[in-house]
file input19.cif (mmCIF, C-alpha atoms and all ligand atoms)
data_protein
loop_
_atom_site.group_PDB
_atom_site.id
_atom_site.type_symbol
_atom_site.label_atom_id
_atom_site.label_comp_id
_atom_site.auth_asym_id
_atom_site.auth_seq_id
_atom_site.Cartn_x
_atom_site.Cartn_y
_atom_site.Cartn_z
ATOM 1 C CA MET J 21 93.765 134.330 95.960
ATOM 2 C CA SER J 22 93.386 137.723 97.626
ATOM 3 C CA ALA J 23 96.094 138.911 100.044
ATOM 4 C CA SER J 24 95.574 136.834 103.194
ATOM 5 C CA PRO J 25 92.438 134.744 103.485
ATOM 6 C CA VAL J 26 91.156 133.532 106.829
ATOM 7 C CA ILE J 27 92.095 129.916 107.405
ATOM 8 C CA HIS J 28 89.431 127.520 108.609
ATOM 9 C CA LEU J 29 90.729 124.403 110.345
ATOM 10 C CA ILE J 30 88.190 121.596 109.945
ATOM 11 C CA GLY J 31 88.816 118.456 111.988
ATOM 12 C CA ALA J 32 87.469 115.136 110.705
ATOM 13 C CA PRO J 33 88.449 112.600 113.369
ATOM 14 C CA THR J 34 87.874 109.297 111.634
ATOM 15 C CA ASP J 35 89.763 106.298 110.273
ATOM 16 C CA ILE J 36 86.699 104.984 108.487
ATOM 17 C CA GLY J 37 88.445 104.382 105.138
ATOM 18 C CA ALA J 38 91.836 103.253 106.430
ATOM 19 C CA ALA J 39 93.611 99.920 106.780
ATOM 20 C CA ASP J 40 94.447 100.601 110.442
ATOM 21 C CA ARG J 41 92.752 102.348 113.322
ATOM 22 C CA GLY J 42 94.254 105.611 114.614
ATOM 23 C CA ALA J 43 93.999 108.304 111.928
ATOM 24 C CA SER J 44 90.952 109.440 113.886
ATOM 25 C CA MET J 45 93.438 110.964 116.343
ATOM 26 C CA GLY J 46 95.088 113.006 113.572
ATOM 27 C CA PRO J 47 93.296 116.328 114.063
ATOM 28 C CA GLU J 48 94.179 116.512 117.750
ATOM 29 C CA ALA J 49 97.816 115.533 117.126
ATOM 30 C CA LEU J 50 98.144 118.365 114.590
ATOM 31 C CA ARG J 51 96.661 120.791 117.107
ATOM 32 C CA VAL J 52 99.010 119.535 119.815
ATOM 33 C CA ALA J 53 101.895 120.072 117.385
ATOM 34 C CA GLY J 54 100.761 123.703 117.092
ATOM 35 C CA ILE J 55 99.265 123.979 113.623
ATOM 36 C CA ASP J 56 97.298 127.112 114.548
ATOM 37 C CA ARG J 57 100.329 128.794 116.104
ATOM 38 C CA ALA J 58 102.505 127.953 113.087
ATOM 39 C CA LEU J 59 100.006 129.511 110.695
ATOM 40 C CA ARG J 60 99.559 132.598 112.858
ATOM 41 C CA ALA J 61 103.347 133.003 112.875
ATOM 42 C CA GLN J 62 103.007 133.451 109.104
ATOM 43 C CA GLY J 63 100.701 136.401 109.698
ATOM 44 C CA LEU J 64 97.549 134.458 108.899
ATOM 45 C CA THR J 65 94.221 134.623 110.675
ATOM 46 C CA VAL J 66 93.148 131.169 111.816
ATOM 47 C CA LEU J 67 89.744 129.971 112.899
ATOM 48 C CA ASP J 68 89.619 126.471 114.339
ATOM 49 C CA THR J 69 86.063 125.383 113.598
ATOM 50 C CA GLY J 70 86.487 122.251 115.734
ATOM 51 C CA ASN J 71 85.700 118.694 114.761
ATOM 52 C CA LEU J 72 82.988 117.339 112.509
ATOM 53 C CA ILE J 73 80.833 114.567 113.878
ATOM 54 C CA GLY J 74 80.171 111.287 112.103
ATOM 55 C CA PRO J 75 79.572 107.594 112.646
ATOM 56 C CA HIS J 76 82.034 105.546 114.688
ATOM 57 C CA ASN J 77 84.203 102.911 113.038
ATOM 58 C CA PRO J 78 82.433 99.522 113.201
ATOM 59 C CA TRP J 79 85.644 97.773 112.021
ATOM 60 C CA GLN J 80 83.920 95.357 109.670
ATOM 61 C CA PRO J 81 85.323 93.427 106.676
ATOM 62 C CA PRO J 82 84.496 94.731 103.177
ATOM 63 C CA ALA J 83 81.043 94.184 101.691
ATOM 64 C CA CYS J 84 80.781 94.102 97.866
ATOM 65 C CA GLY J 85 84.308 95.505 97.545
ATOM 66 C CA TYR J 86 83.858 98.390 99.981
ATOM 67 C CA ARG J 87 84.649 98.592 103.645
ATOM 68 C CA HIS J 88 82.321 100.816 105.692
ATOM 69 C CA LEU J 89 80.699 102.418 102.658
ATOM 70 C CA PRO J 90 77.672 103.923 104.474
ATOM 71 C CA GLU J 91 79.932 105.444 107.123
ATOM 72 C CA VAL J 92 82.368 106.738 104.476
ATOM 73 C CA ILE J 93 79.435 108.420 102.720
ATOM 74 C CA ALA J 94 78.306 110.040 105.974
ATOM 75 C CA TRP J 95 81.759 111.398 106.798
ATOM 76 C CA ASN J 96 82.351 112.696 103.299
ATOM 77 C CA THR J 97 78.964 114.382 103.220
ATOM 78 C CA ALA J 98 79.906 116.258 106.393
ATOM 79 C CA VAL J 99 83.326 117.189 105.000
ATOM 80 C CA HIS J 100 81.812 118.299 101.695
ATOM 81 C CA GLN J 101 79.414 120.602 103.527
ATOM 82 C CA ALA J 102 82.055 122.089 105.850
ATOM 83 C CA VAL J 103 84.633 122.683 103.116
ATOM 84 C CA GLY J 104 81.947 124.174 100.866
ATOM 85 C CA ASP J 105 80.842 126.499 103.697
ATOM 86 C CA ALA J 106 84.426 127.661 104.225
ATOM 87 C CA LEU J 107 84.945 128.363 100.515
ATOM 88 C CA ARG J 108 81.648 130.257 100.262
ATOM 89 C CA ALA J 109 82.825 132.362 103.224
ATOM 90 C CA GLN J 110 85.969 133.088 101.160
ATOM 91 C CA ALA J 111 88.096 131.269 103.703
ATOM 92 C CA LEU J 112 90.904 128.834 102.962
ATOM 93 C CA PRO J 113 89.851 125.431 104.315
ATOM 94 C CA ILE J 114 92.405 123.066 105.841
ATOM 95 C CA LEU J 115 90.924 119.637 106.356
ATOM 96 C CA LEU J 116 92.584 117.911 109.301
ATOM 97 C CA GLY J 117 92.062 114.194 108.689
ATOM 98 C CA GLY J 118 91.319 111.583 109.184
ATOM 99 C CA ASP J 119 92.142 109.155 106.458
ATOM 100 C CA HIS J 120 92.446 109.992 102.770
ATOM 101 C CA CYS J 121 88.927 108.889 101.792
ATOM 102 C CA LEU J 122 87.887 112.313 103.119
ATOM 103 C CA ALA J 123 89.460 113.984 100.087
ATOM 104 C CA ILE J 124 86.334 112.909 98.204
ATOM 105 C CA GLY J 125 84.303 115.282 100.355
ATOM 106 C CA SER J 126 86.808 118.128 100.342
ATOM 107 C CA LEU J 127 87.750 118.013 96.657
ATOM 108 C CA SER J 128 84.167 117.593 95.493
ATOM 109 C CA ALA J 129 83.401 120.834 97.358
ATOM 110 C CA VAL J 130 86.471 122.528 95.889
ATOM 111 C CA ALA J 131 85.606 121.409 92.350
ATOM 112 C CA GLN J 132 82.009 122.552 92.744
ATOM 113 C CA HIS J 133 83.194 125.927 94.025
ATOM 114 C CA CYS J 134 85.588 126.325 91.095
ATOM 115 C CA ARG J 135 82.824 125.524 88.612
ATOM 116 C CA ALA J 136 80.544 128.098 90.261
ATOM 117 C CA GLN J 137 83.292 130.728 90.211
ATOM 118 C CA GLY J 138 84.560 129.858 86.741
ATOM 119 C CA ARG J 139 88.022 129.214 88.130
ATOM 120 C CA LYS J 140 90.507 126.651 86.903
ATOM 121 C CA LEU J 141 91.551 123.928 89.313
ATOM 122 C CA ARG J 142 94.911 122.273 89.787
ATOM 123 C CA VAL J 143 95.196 119.430 92.303
ATOM 124 C CA LEU J 144 98.557 118.363 93.692
ATOM 125 C CA TRP J 145 98.239 114.887 95.183
ATOM 126 C CA LEU J 146 101.247 114.332 97.471
ATOM 127 C CA ASP J 147 101.205 110.641 98.341
ATOM 128 C CA ALA J 148 103.092 107.355 98.310
ATOM 129 C CA HIS J 149 99.950 105.859 96.728
ATOM 130 C CA ALA J 150 97.901 106.659 93.641
ATOM 131 C CA ASP J 151 94.603 106.052 95.513
ATOM 132 C CA PHE J 152 93.015 105.072 92.186
ATOM 133 C CA ASN J 153 91.483 101.712 93.107
ATOM 134 C CA THR J 154 87.891 100.761 92.401
ATOM 135 C CA HIS J 155 85.755 98.177 94.198
ATOM 136 C CA THR J 156 86.457 95.600 91.494
ATOM 137 C CA VAL J 157 90.257 95.839 91.659
ATOM 138 C CA THR J 158 90.990 96.919 95.253
ATOM 139 C CA PRO J 159 93.053 94.372 97.170
ATOM 140 C CA THR J 160 91.673 95.648 100.486
ATOM 141 C CA GLY J 161 88.279 97.306 100.091
ATOM 142 C CA ASN J 162 89.621 100.290 102.032
ATOM 143 C CA LEU J 163 88.173 103.493 100.633
ATOM 144 C CA HIS J 164 91.304 105.527 101.395
ATOM 145 C CA GLY J 165 92.759 103.692 98.395
ATOM 146 C CA MET J 166 89.981 104.987 96.092
ATOM 147 C CA PRO J 167 89.447 108.776 96.421
ATOM 148 C CA VAL J 168 91.118 109.803 93.147
ATOM 149 C CA ALA J 169 89.084 107.229 91.210
ATOM 150 C CA CYS J 170 85.867 108.387 92.910
ATOM 151 C CA LEU J 171 86.624 112.020 92.116
ATOM 152 C CA CYS J 172 87.239 111.063 88.485
ATOM 153 C CA GLY J 173 83.814 109.409 88.371
ATOM 154 C CA LYS J 174 84.703 105.780 89.096
ATOM 155 C CA GLY J 175 83.061 104.663 92.333
ATOM 156 C CA PRO J 176 79.772 104.388 94.180
ATOM 157 C CA GLN J 177 77.271 106.980 92.999
ATOM 158 C CA ALA J 178 76.759 108.506 96.440
ATOM 159 C CA LEU J 179 80.454 109.439 96.450
ATOM 160 C CA THR J 180 81.005 110.320 92.789
ATOM 161 C CA THR J 181 78.087 112.804 92.768
ATOM 162 C CA LEU J 182 78.761 114.601 96.081
ATOM 163 C CA GLY J 183 79.463 117.862 94.260
ATOM 164 C CA GLY J 184 76.889 117.430 91.467
ATOM 165 C CA PRO J 185 76.956 115.187 88.381
ATOM 166 C CA ALA J 186 80.102 113.033 88.087
ATOM 167 C CA PRO J 187 82.945 113.410 87.482
ATOM 168 C CA GLN J 188 84.043 116.055 89.950
ATOM 169 C CA LEU J 189 87.552 116.160 88.480
ATOM 170 C CA GLN J 190 89.099 115.667 85.075
ATOM 171 C CA PRO J 191 92.290 113.598 85.360
ATOM 172 C CA SER J 192 94.006 116.422 83.449
ATOM 173 C CA CYS J 193 93.817 118.768 86.465
ATOM 174 C CA ILE J 194 95.602 116.299 88.773
ATOM 175 C CA ARG J 195 99.348 115.927 89.355
ATOM 176 C CA GLN J 196 100.505 113.112 91.616
ATOM 177 C CA ILE J 197 103.857 113.477 93.342
ATOM 178 C CA GLY J 198 105.943 111.019 95.364
ATOM 179 C CA ILE J 199 104.101 107.899 94.219
ATOM 180 C CA ARG J 200 105.872 104.583 94.933
ATOM 181 C CA SER J 201 103.150 102.037 95.665
ATOM 182 C CA VAL J 202 100.471 101.237 93.098
ATOM 183 C CA ASP J 203 98.563 97.955 93.065
ATOM 184 C CA ALA J 204 98.782 95.782 89.922
ATOM 185 C CA GLU J 205 95.297 96.428 88.556
ATOM 186 C CA GLU J 206 95.329 100.006 89.835
ATOM 187 C CA LYS J 207 98.320 100.627 87.576
ATOM 188 C CA ARG J 208 96.250 99.758 84.526
ATOM 189 C CA LEU J 209 93.528 102.222 85.596
ATOM 190 C CA VAL J 210 96.079 104.987 86.204
ATOM 191 C CA HIS J 211 97.408 104.560 82.654
ATOM 192 C CA GLN J 212 93.919 104.323 81.216
ATOM 193 C CA ALA J 213 92.904 107.612 82.848
ATOM 194 C CA GLY J 214 96.154 109.245 81.748
ATOM 195 C CA LEU J 215 96.998 110.561 85.218
ATOM 196 C CA ASP J 216 100.087 112.762 85.343
ATOM 197 C CA VAL J 217 102.361 111.023 87.859
ATOM 198 C CA PHE J 218 105.733 112.231 89.142
ATOM 199 C CA ASP J 219 106.735 109.054 90.902
ATOM 200 C CA MET J 220 109.836 108.501 93.019
ATOM 201 C CA ARG J 221 111.711 107.215 89.995
ATOM 202 C CA TYR J 222 111.075 110.587 88.332
ATOM 203 C CA ILE J 223 112.140 112.486 91.453
ATOM 204 C CA ASP J 224 115.312 110.353 91.731
ATOM 205 C CA GLU J 225 116.250 111.069 88.146
ATOM 206 C CA TYR J 226 115.229 114.675 87.690
ATOM 207 C CA GLY J 227 114.882 115.975 91.245
ATOM 208 C CA MET J 228 112.037 117.478 93.214
ATOM 209 C CA ARG J 229 112.667 120.880 91.653
ATOM 210 C CA ASP J 230 111.952 119.661 88.145
ATOM 211 C CA ALA J 231 108.969 117.570 89.277
ATOM 212 C CA MET J 232 107.372 120.570 90.981
ATOM 213 C CA ARG J 233 108.186 122.931 88.164
ATOM 214 C CA ARG J 234 106.369 120.632 85.774
ATOM 215 C CA ALA J 235 103.522 119.855 88.177
ATOM 216 C CA LEU J 236 102.869 123.583 88.501
ATOM 217 C CA GLU J 237 103.220 124.358 84.811
ATOM 218 C CA GLY J 238 100.277 126.314 83.449
ATOM 219 C CA VAL J 239 98.861 127.591 86.746
ATOM 220 C CA ASP J 240 98.032 131.283 86.733
ATOM 221 C CA ALA J 241 96.112 133.926 88.683
ATOM 222 C CA ASP J 242 92.821 132.235 87.714
ATOM 223 C CA THR J 243 93.858 128.886 89.158
ATOM 224 C CA HIS J 244 92.612 127.495 92.447
ATOM 225 C CA LEU J 245 95.448 125.330 93.760
ATOM 226 C CA HIS J 246 94.445 122.461 96.021
ATOM 227 C CA VAL J 247 97.014 120.336 97.855
ATOM 228 C CA SER J 248 96.019 116.919 99.137
ATOM 229 C CA PHE J 249 98.855 116.036 101.512
ATOM 230 C CA ASP J 250 98.872 112.382 102.532
ATOM 231 C CA VAL J 251 101.526 112.293 105.247
ATOM 232 C CA ASP J 252 102.754 108.906 103.950
ATOM 233 C CA PHE J 253 104.140 110.934 101.015
ATOM 234 C CA LEU J 254 107.137 111.526 103.296
ATOM 235 C CA ASP J 255 109.879 108.993 103.831
ATOM 236 C CA PRO J 256 109.086 106.822 106.900
ATOM 237 C CA ASP J 257 112.452 107.896 108.376
ATOM 238 C CA ILE J 258 111.008 111.333 109.039
ATOM 239 C CA ALA J 259 107.333 110.370 109.206
ATOM 240 C CA PRO J 260 106.740 107.020 110.929
ATOM 241 C CA GLY J 261 103.307 108.071 112.182
ATOM 242 C CA VAL J 262 101.167 106.780 109.313
ATOM 243 C CA GLY J 263 99.342 103.497 108.734
ATOM 244 C CA THR J 264 100.635 102.616 105.302
ATOM 245 C CA THR J 265 104.360 103.451 105.290
ATOM 246 C CA VAL J 266 106.284 102.908 102.070
ATOM 247 C CA PRO J 267 110.094 103.243 102.139
ATOM 248 C CA GLY J 268 111.915 105.453 99.683
ATOM 249 C CA GLY J 269 109.916 108.670 99.949
ATOM 250 C CA PRO J 270 110.998 112.303 99.795
ATOM 251 C CA THR J 271 113.549 113.414 102.370
ATOM 252 C CA TYR J 272 112.974 116.366 104.664
ATOM 253 C CA ARG J 273 114.782 118.709 102.273
ATOM 254 C CA GLU J 274 112.924 117.431 99.231
ATOM 255 C CA ALA J 275 109.605 117.824 101.018
ATOM 256 C CA GLN J 276 110.550 121.360 102.097
ATOM 257 C CA LEU J 277 111.395 122.298 98.524
ATOM 258 C CA CYS J 278 108.100 120.847 97.342
ATOM 259 C CA MET J 279 106.175 122.975 99.847
ATOM 260 C CA GLU J 280 108.222 126.106 99.156
ATOM 261 C CA MET J 281 107.685 125.869 95.421
ATOM 262 C CA ILE J 282 103.945 125.596 95.999
ATOM 263 C CA ALA J 283 104.066 128.595 98.364
ATOM 264 C CA ASP J 284 105.948 130.610 95.730
ATOM 265 C CA THR J 285 102.943 130.436 93.407
ATOM 266 C CA GLY J 286 100.790 132.282 95.959
ATOM 267 C CA LEU J 287 97.837 130.286 94.648
ATOM 268 C CA LEU J 288 97.204 127.756 97.399
ATOM 269 C CA ALA J 289 93.486 127.953 98.144
ATOM 270 C CA SER J 290 92.629 124.711 99.981
ATOM 271 C CA LEU J 291 94.476 121.877 101.700
ATOM 272 C CA ASP J 292 93.950 118.368 103.075
ATOM 273 C CA VAL J 293 96.314 116.970 105.692
ATOM 274 C CA VAL J 294 95.462 113.305 106.002
ATOM 275 C CA GLU J 295 96.595 109.863 107.147
ATOM 276 C CA LEU J 296 98.542 111.074 110.175
ATOM 277 C CA ASN J 297 98.214 108.200 112.634
ATOM 278 C CA PRO J 298 99.399 109.044 116.174
ATOM 279 C CA ALA J 299 99.072 105.372 117.189
ATOM 280 C CA PHE J 300 102.131 104.680 115.020
ATOM 281 C CA ASP J 301 103.988 107.879 115.857
ATOM 282 C CA GLU J 302 106.897 108.538 118.201
ATOM 283 C CA ARG J 303 106.255 111.389 120.632
ATOM 284 C CA ASN J 304 104.187 113.195 117.972
ATOM 285 C CA ARG J 305 107.194 113.805 115.761
ATOM 286 C CA THR J 306 105.354 113.074 112.531
ATOM 287 C CA ALA J 307 102.707 115.655 113.437
ATOM 288 C CA GLU J 308 105.517 118.122 114.153
ATOM 289 C CA VAL J 309 107.159 117.481 110.779
ATOM 290 C CA ALA J 310 103.791 117.881 109.074
ATOM 291 C CA VAL J 311 103.220 121.222 110.820
ATOM 292 C CA ASP J 312 106.728 122.327 109.913
ATOM 293 C CA LEU J 313 106.070 121.554 106.254
ATOM 294 C CA ILE J 314 102.675 123.247 106.345
ATOM 295 C CA GLU J 315 104.408 126.352 107.646
ATOM 296 C CA SER J 316 106.589 126.302 104.524
ATOM 297 C CA LEU J 317 103.552 125.668 102.376
ATOM 298 C CA PHE J 318 102.156 128.929 103.710
ATOM 299 C CA GLY J 319 105.284 130.873 102.992
ATOM 300 C CA LYS J 320 107.835 130.384 105.737
ATOM 301 C CA SER J 321 111.291 130.823 104.283
ATOM 302 C CA THR J 322 114.709 131.188 105.786
ATOM 303 C CA LEU J 323 115.616 134.599 104.450
ATOM 304 C CA MET J 324 112.969 135.931 102.149
ATOM 305 C CA ARG J 325 110.527 138.455 103.579
ATOM 306 C CA ARG J 326 106.865 138.233 102.829
HETATM 307 N N1 LIG K 1 95.567 106.924 101.373
HETATM 308 C C1 LIG K 1 96.270 105.837 101.558
HETATM 309 N N2 LIG K 1 97.129 105.723 102.519
HETATM 310 N N3 LIG K 1 96.044 104.832 100.722
HETATM 311 C C2 LIG K 1 96.679 103.560 100.817
HETATM 312 C C3 LIG K 1 96.127 102.602 99.793
HETATM 313 C C4 LIG K 1 96.787 101.269 99.880
HETATM 314 C C5 LIG K 1 96.328 100.272 98.846
HETATM 315 N N4 LIG K 1 96.650 100.729 97.513
HETATM 316 C C6 LIG K 1 94.831 100.016 98.971
HETATM 317 O O1 LIG K 1 94.093 100.394 98.095
HETATM 318 O O2 LIG K 1 94.384 99.461 99.945
HETATM 319 MN MN MN K 2 99.169 107.157 100.918
HETATM 320 MN MN MN K 3 96.511 108.698 100.049
#

call {"tool": "encode", "arguments": {"input": "input19.cif", "output": "structure tokens"}}
result
Amino acid sequence: MSASPVIHLIGAPTDIGAADRGASMGPEALRVAGIDRALRAQGLTVLDTGNLIGPHNPWQPPACGYRHLPEVIAWNTAVHQAVGDALRAQALPILLGGDHCLAIGSLSAVAQHCRAQGRKLRVLWLDAHADFNTHTVTPTGNLHGMPVACLCGKGPQALTTLGGPAPQLQPSCIRQIGIRSVDAEEKRLVHQAGLDVFDMRYIDEYGMRDAMRRALEGVDADTHLHVSFDVDFLDPDIAPGVGTTVPGGPTYREAQLCMEMIADTGLLASLDVVELNPAFDERNRTAEVAVDLIESLFGKSTLMRR
């Protein structure tokens, strides 16, 4: 990535794919926590493009294994367009979710852009969950549990082909970090696809440093690095403001190291910040932690000068 790209903040205020209502308030909570100010403090130019518009949440039960599929398609189409526009303008898009189903729209745009530019893609999926369910195995029907599968070509055609013929991503470009909740049948699919997973067991045994070193192995100046940051990646002790908390996640220091090691590559070219749910938060502290970590992701360090 060239010296300092302009950052485009893209709000997608919806909880259309989630198990609980409230992630629709995520973009505003991140703004209230000062995401633009934090990025500007790193010397970056930030353009807040405002919020995308999409259908409201009808809060219906699943139909044929999918909850709110038409609405999820509409939201992801809007996200795909906005993220694609930002990339074509040579900006660095930050998607402010919204629930994690929106990564289908953002990553399909990123993958399409990389194909057009002949760039390699590495995706770091920071999450408590593998998000690799399909409509036949999902225990919930919630599409925020399916984006990785959709991006790898398993899902409804309208979603798998958002960026052109499926699949948008090869499993080999994905590294999942912090995983600690995978549904029984989902597990089988993860193994089948050969996803590279640094789960909490791995982080306990070898440490975040080793996990990140390996997750970043092979990236070079020709690599577009995308981070999909599901806030439930973090331990609920420091990040209670998410719908689907899972105990035993990375501590504040581990999460900082994770972000700093990504920043050190200088290759970050697009980002999703998803699943922040202010309805479950305490005085916006989860949004503040997320902003703090994003600041590190963009190069804040205690002593080193940029
Ligand atoms: N992005 C997320 N928070 N995903 C949670 C998924 C939870 C569960 N595996 C499901 O499919 O319903
Ligand atoms: Mn998650
Ligand atoms: Mn997720």

call {"tool": "resolve_selection", "arguments": {"input": "input19.cif", "expression": "the PyMOL selection byres (((chain J and resi 306) around 10) and not hetatm)", "output": "PyMOL selection string"}}
result
chain J and resi 49-50+53+251-252+254+256-262+296-298+300-305+307-312

call {"tool": "closest_atom_pairs", "arguments": {"input": "input19.cif", "of": "chain J", "to": "ligand MN 2 (chain K)", "cutoff": "6 Å", "atoms": "all atoms listed in the file", "output": "JSON lines"}}
result
{"residue": "J:Asp147", "atom": "CA", "partner": "K:MN2", "partner_atom": "MN", "distance": 4.8}
{"residue": "J:Ala148", "atom": "CA", "partner": "K:MN2", "partner_atom": "MN", "distance": 4.7}
{"residue": "J:His149", "atom": "CA", "partner": "K:MN2", "partner_atom": "MN", "distance": 4.5}
{"residue": "J:Asp250", "atom": "CA", "partner": "K:MN2", "partner_atom": "MN", "distance": 5.5}
{"residue": "J:Asp252", "atom": "CA", "partner": "K:MN2", "partner_atom": "MN", "distance": 5.0}

call {"tool": "write_last_selection", "arguments": {"input": "input19.cif", "atoms": "C-alpha atoms", "output": "PDB file, in the coordinates of the input"}}
result
ATOM      1  CA  ASP J 147     101.205 110.641  98.341  1.00  0.00           C
ATOM      2  CA  ALA J 148     103.092 107.355  98.310  1.00  0.00           C
ATOM      3  CA  HIS J 149      99.950 105.859  96.728  1.00  0.00           C
ATOM      4  CA  ASP J 250      98.872 112.382 102.532  1.00  0.00           C
ATOM      5  CA  ASP J 252     102.754 108.906 103.950  1.00  0.00           C
TER       6      ASP J 252
END

call {"tool": "resolve_selection", "arguments": {"input": "input19.cif", "expression": "the PyMOL selection byres (((not hetatm)) within 9 of (chain K and resi 1))", "output": "PDB file with C-alpha atoms, in the coordinates of the input"}}
result
ATOM      1  CA  GLY J  37      88.445 104.382 105.138  1.00  0.00           C
ATOM      2  CA  ALA J  38      91.836 103.253 106.430  1.00  0.00           C
ATOM      3  CA  ALA J  39      93.611  99.920 106.780  1.00  0.00           C
ATOM      4  CA  ASP J 119      92.142 109.155 106.458  1.00  0.00           C
ATOM      5  CA  HIS J 120      92.446 109.992 102.770  1.00  0.00           C
ATOM      6  CA  CYS J 121      88.927 108.889 101.792  1.00  0.00           C
ATOM      7  CA  ASP J 147     101.205 110.641  98.341  1.00  0.00           C
ATOM      8  CA  ALA J 148     103.092 107.355  98.310  1.00  0.00           C
ATOM      9  CA  HIS J 149      99.950 105.859  96.728  1.00  0.00           C
ATOM     10  CA  ALA J 150      97.901 106.659  93.641  1.00  0.00           C
ATOM     11  CA  ASP J 151      94.603 106.052  95.513  1.00  0.00           C
ATOM     12  CA  PHE J 152      93.015 105.072  92.186  1.00  0.00           C
ATOM     13  CA  ASN J 153      91.483 101.712  93.107  1.00  0.00           C
ATOM     14  CA  THR J 154      87.891 100.761  92.401  1.00  0.00           C
ATOM     15  CA  VAL J 157      90.257  95.839  91.659  1.00  0.00           C
ATOM     16  CA  THR J 158      90.990  96.919  95.253  1.00  0.00           C
ATOM     17  CA  PRO J 159      93.053  94.372  97.170  1.00  0.00           C
ATOM     18  CA  THR J 160      91.673  95.648 100.486  1.00  0.00           C
ATOM     19  CA  GLY J 161      88.279  97.306 100.091  1.00  0.00           C
ATOM     20  CA  ASN J 162      89.621 100.290 102.032  1.00  0.00           C
ATOM     21  CA  LEU J 163      88.173 103.493 100.633  1.00  0.00           C
ATOM     22  CA  HIS J 164      91.304 105.527 101.395  1.00  0.00           C
ATOM     23  CA  GLY J 165      92.759 103.692  98.395  1.00  0.00           C
ATOM     24  CA  MET J 166      89.981 104.987  96.092  1.00  0.00           C
ATOM     25  CA  PRO J 167      89.447 108.776  96.421  1.00  0.00           C
ATOM     26  CA  SER J 201     103.150 102.037  95.665  1.00  0.00           C
ATOM     27  CA  VAL J 202     100.471 101.237  93.098  1.00  0.00           C
ATOM     28  CA  ASP J 203      98.563  97.955  93.065  1.00  0.00           C
ATOM     29  CA  GLU J 206      95.329 100.006  89.835  1.00  0.00           C
ATOM     30  CA  ASP J 250      98.872 112.382 102.532  1.00  0.00           C
ATOM     31  CA  VAL J 251     101.526 112.293 105.247  1.00  0.00           C
ATOM     32  CA  ASP J 252     102.754 108.906 103.950  1.00  0.00           C
ATOM     33  CA  PHE J 253     104.140 110.934 101.015  1.00  0.00           C
ATOM     34  CA  VAL J 262     101.167 106.780 109.313  1.00  0.00           C
ATOM     35  CA  GLY J 263      99.342 103.497 108.734  1.00  0.00           C
ATOM     36  CA  THR J 264     100.635 102.616 105.302  1.00  0.00           C
ATOM     37  CA  THR J 265     104.360 103.451 105.290  1.00  0.00           C
ATOM     38  CA  VAL J 294      95.462 113.305 106.002  1.00  0.00           C
ATOM     39  CA  GLU J 295      96.595 109.863 107.147  1.00  0.00           C
TER      40      GLU J 295
END

call {"tool": "closest_residue", "arguments": {"input": "input19.cif", "among": "J:Ser248, J:Ser321, J:Thr271, J:Gln276", "to": "ligand MN 3 (chain K)", "atoms": "only C-alpha atoms and all ligand atoms"}}
result
J:Ser248

call {"tool": "residues_around", "arguments": {"input": "input19.cif", "residues": "Cys278 (chain J)", "least_positions_apart": "3", "cutoff": "9 Å", "atoms": "only C-alpha atoms", "output": "PyMOL selection string"}}
result
chain J and resi 228-229+231-232+273-275+281-283+317

call {"tool": "write_last_selection", "arguments": {"input": "input19.cif", "atoms": "C-alpha atoms", "output": "PDB file, in the frame of the given file"}}
result
ATOM      1  CA  MET J 228     112.037 117.478  93.214  1.00  0.00           C
ATOM      2  CA  ARG J 229     112.667 120.880  91.653  1.00  0.00           C
ATOM      3  CA  ALA J 231     108.969 117.570  89.277  1.00  0.00           C
ATOM      4  CA  MET J 232     107.372 120.570  90.981  1.00  0.00           C
ATOM      5  CA  ARG J 273     114.782 118.709 102.273  1.00  0.00           C
ATOM      6  CA  GLU J 274     112.924 117.431  99.231  1.00  0.00           C
ATOM      7  CA  ALA J 275     109.605 117.824 101.018  1.00  0.00           C
ATOM      8  CA  MET J 281     107.685 125.869  95.421  1.00  0.00           C
ATOM      9  CA  ILE J 282     103.945 125.596  95.999  1.00  0.00           C
ATOM     10  CA  ALA J 283     104.066 128.595  98.364  1.00  0.00           C
ATOM     11  CA  LEU J 317     103.552 125.668 102.376  1.00  0.00           C
TER      12      LEU J 317
END

call {"tool": "closest_residue", "arguments": {"input": "input19.cif", "among": "J:His76, J:Arg200, J:Arg60, J:His100", "to": "ligand MN 3 (chain K)", "atoms": "all atoms listed in the file"}}
result
J:Arg200
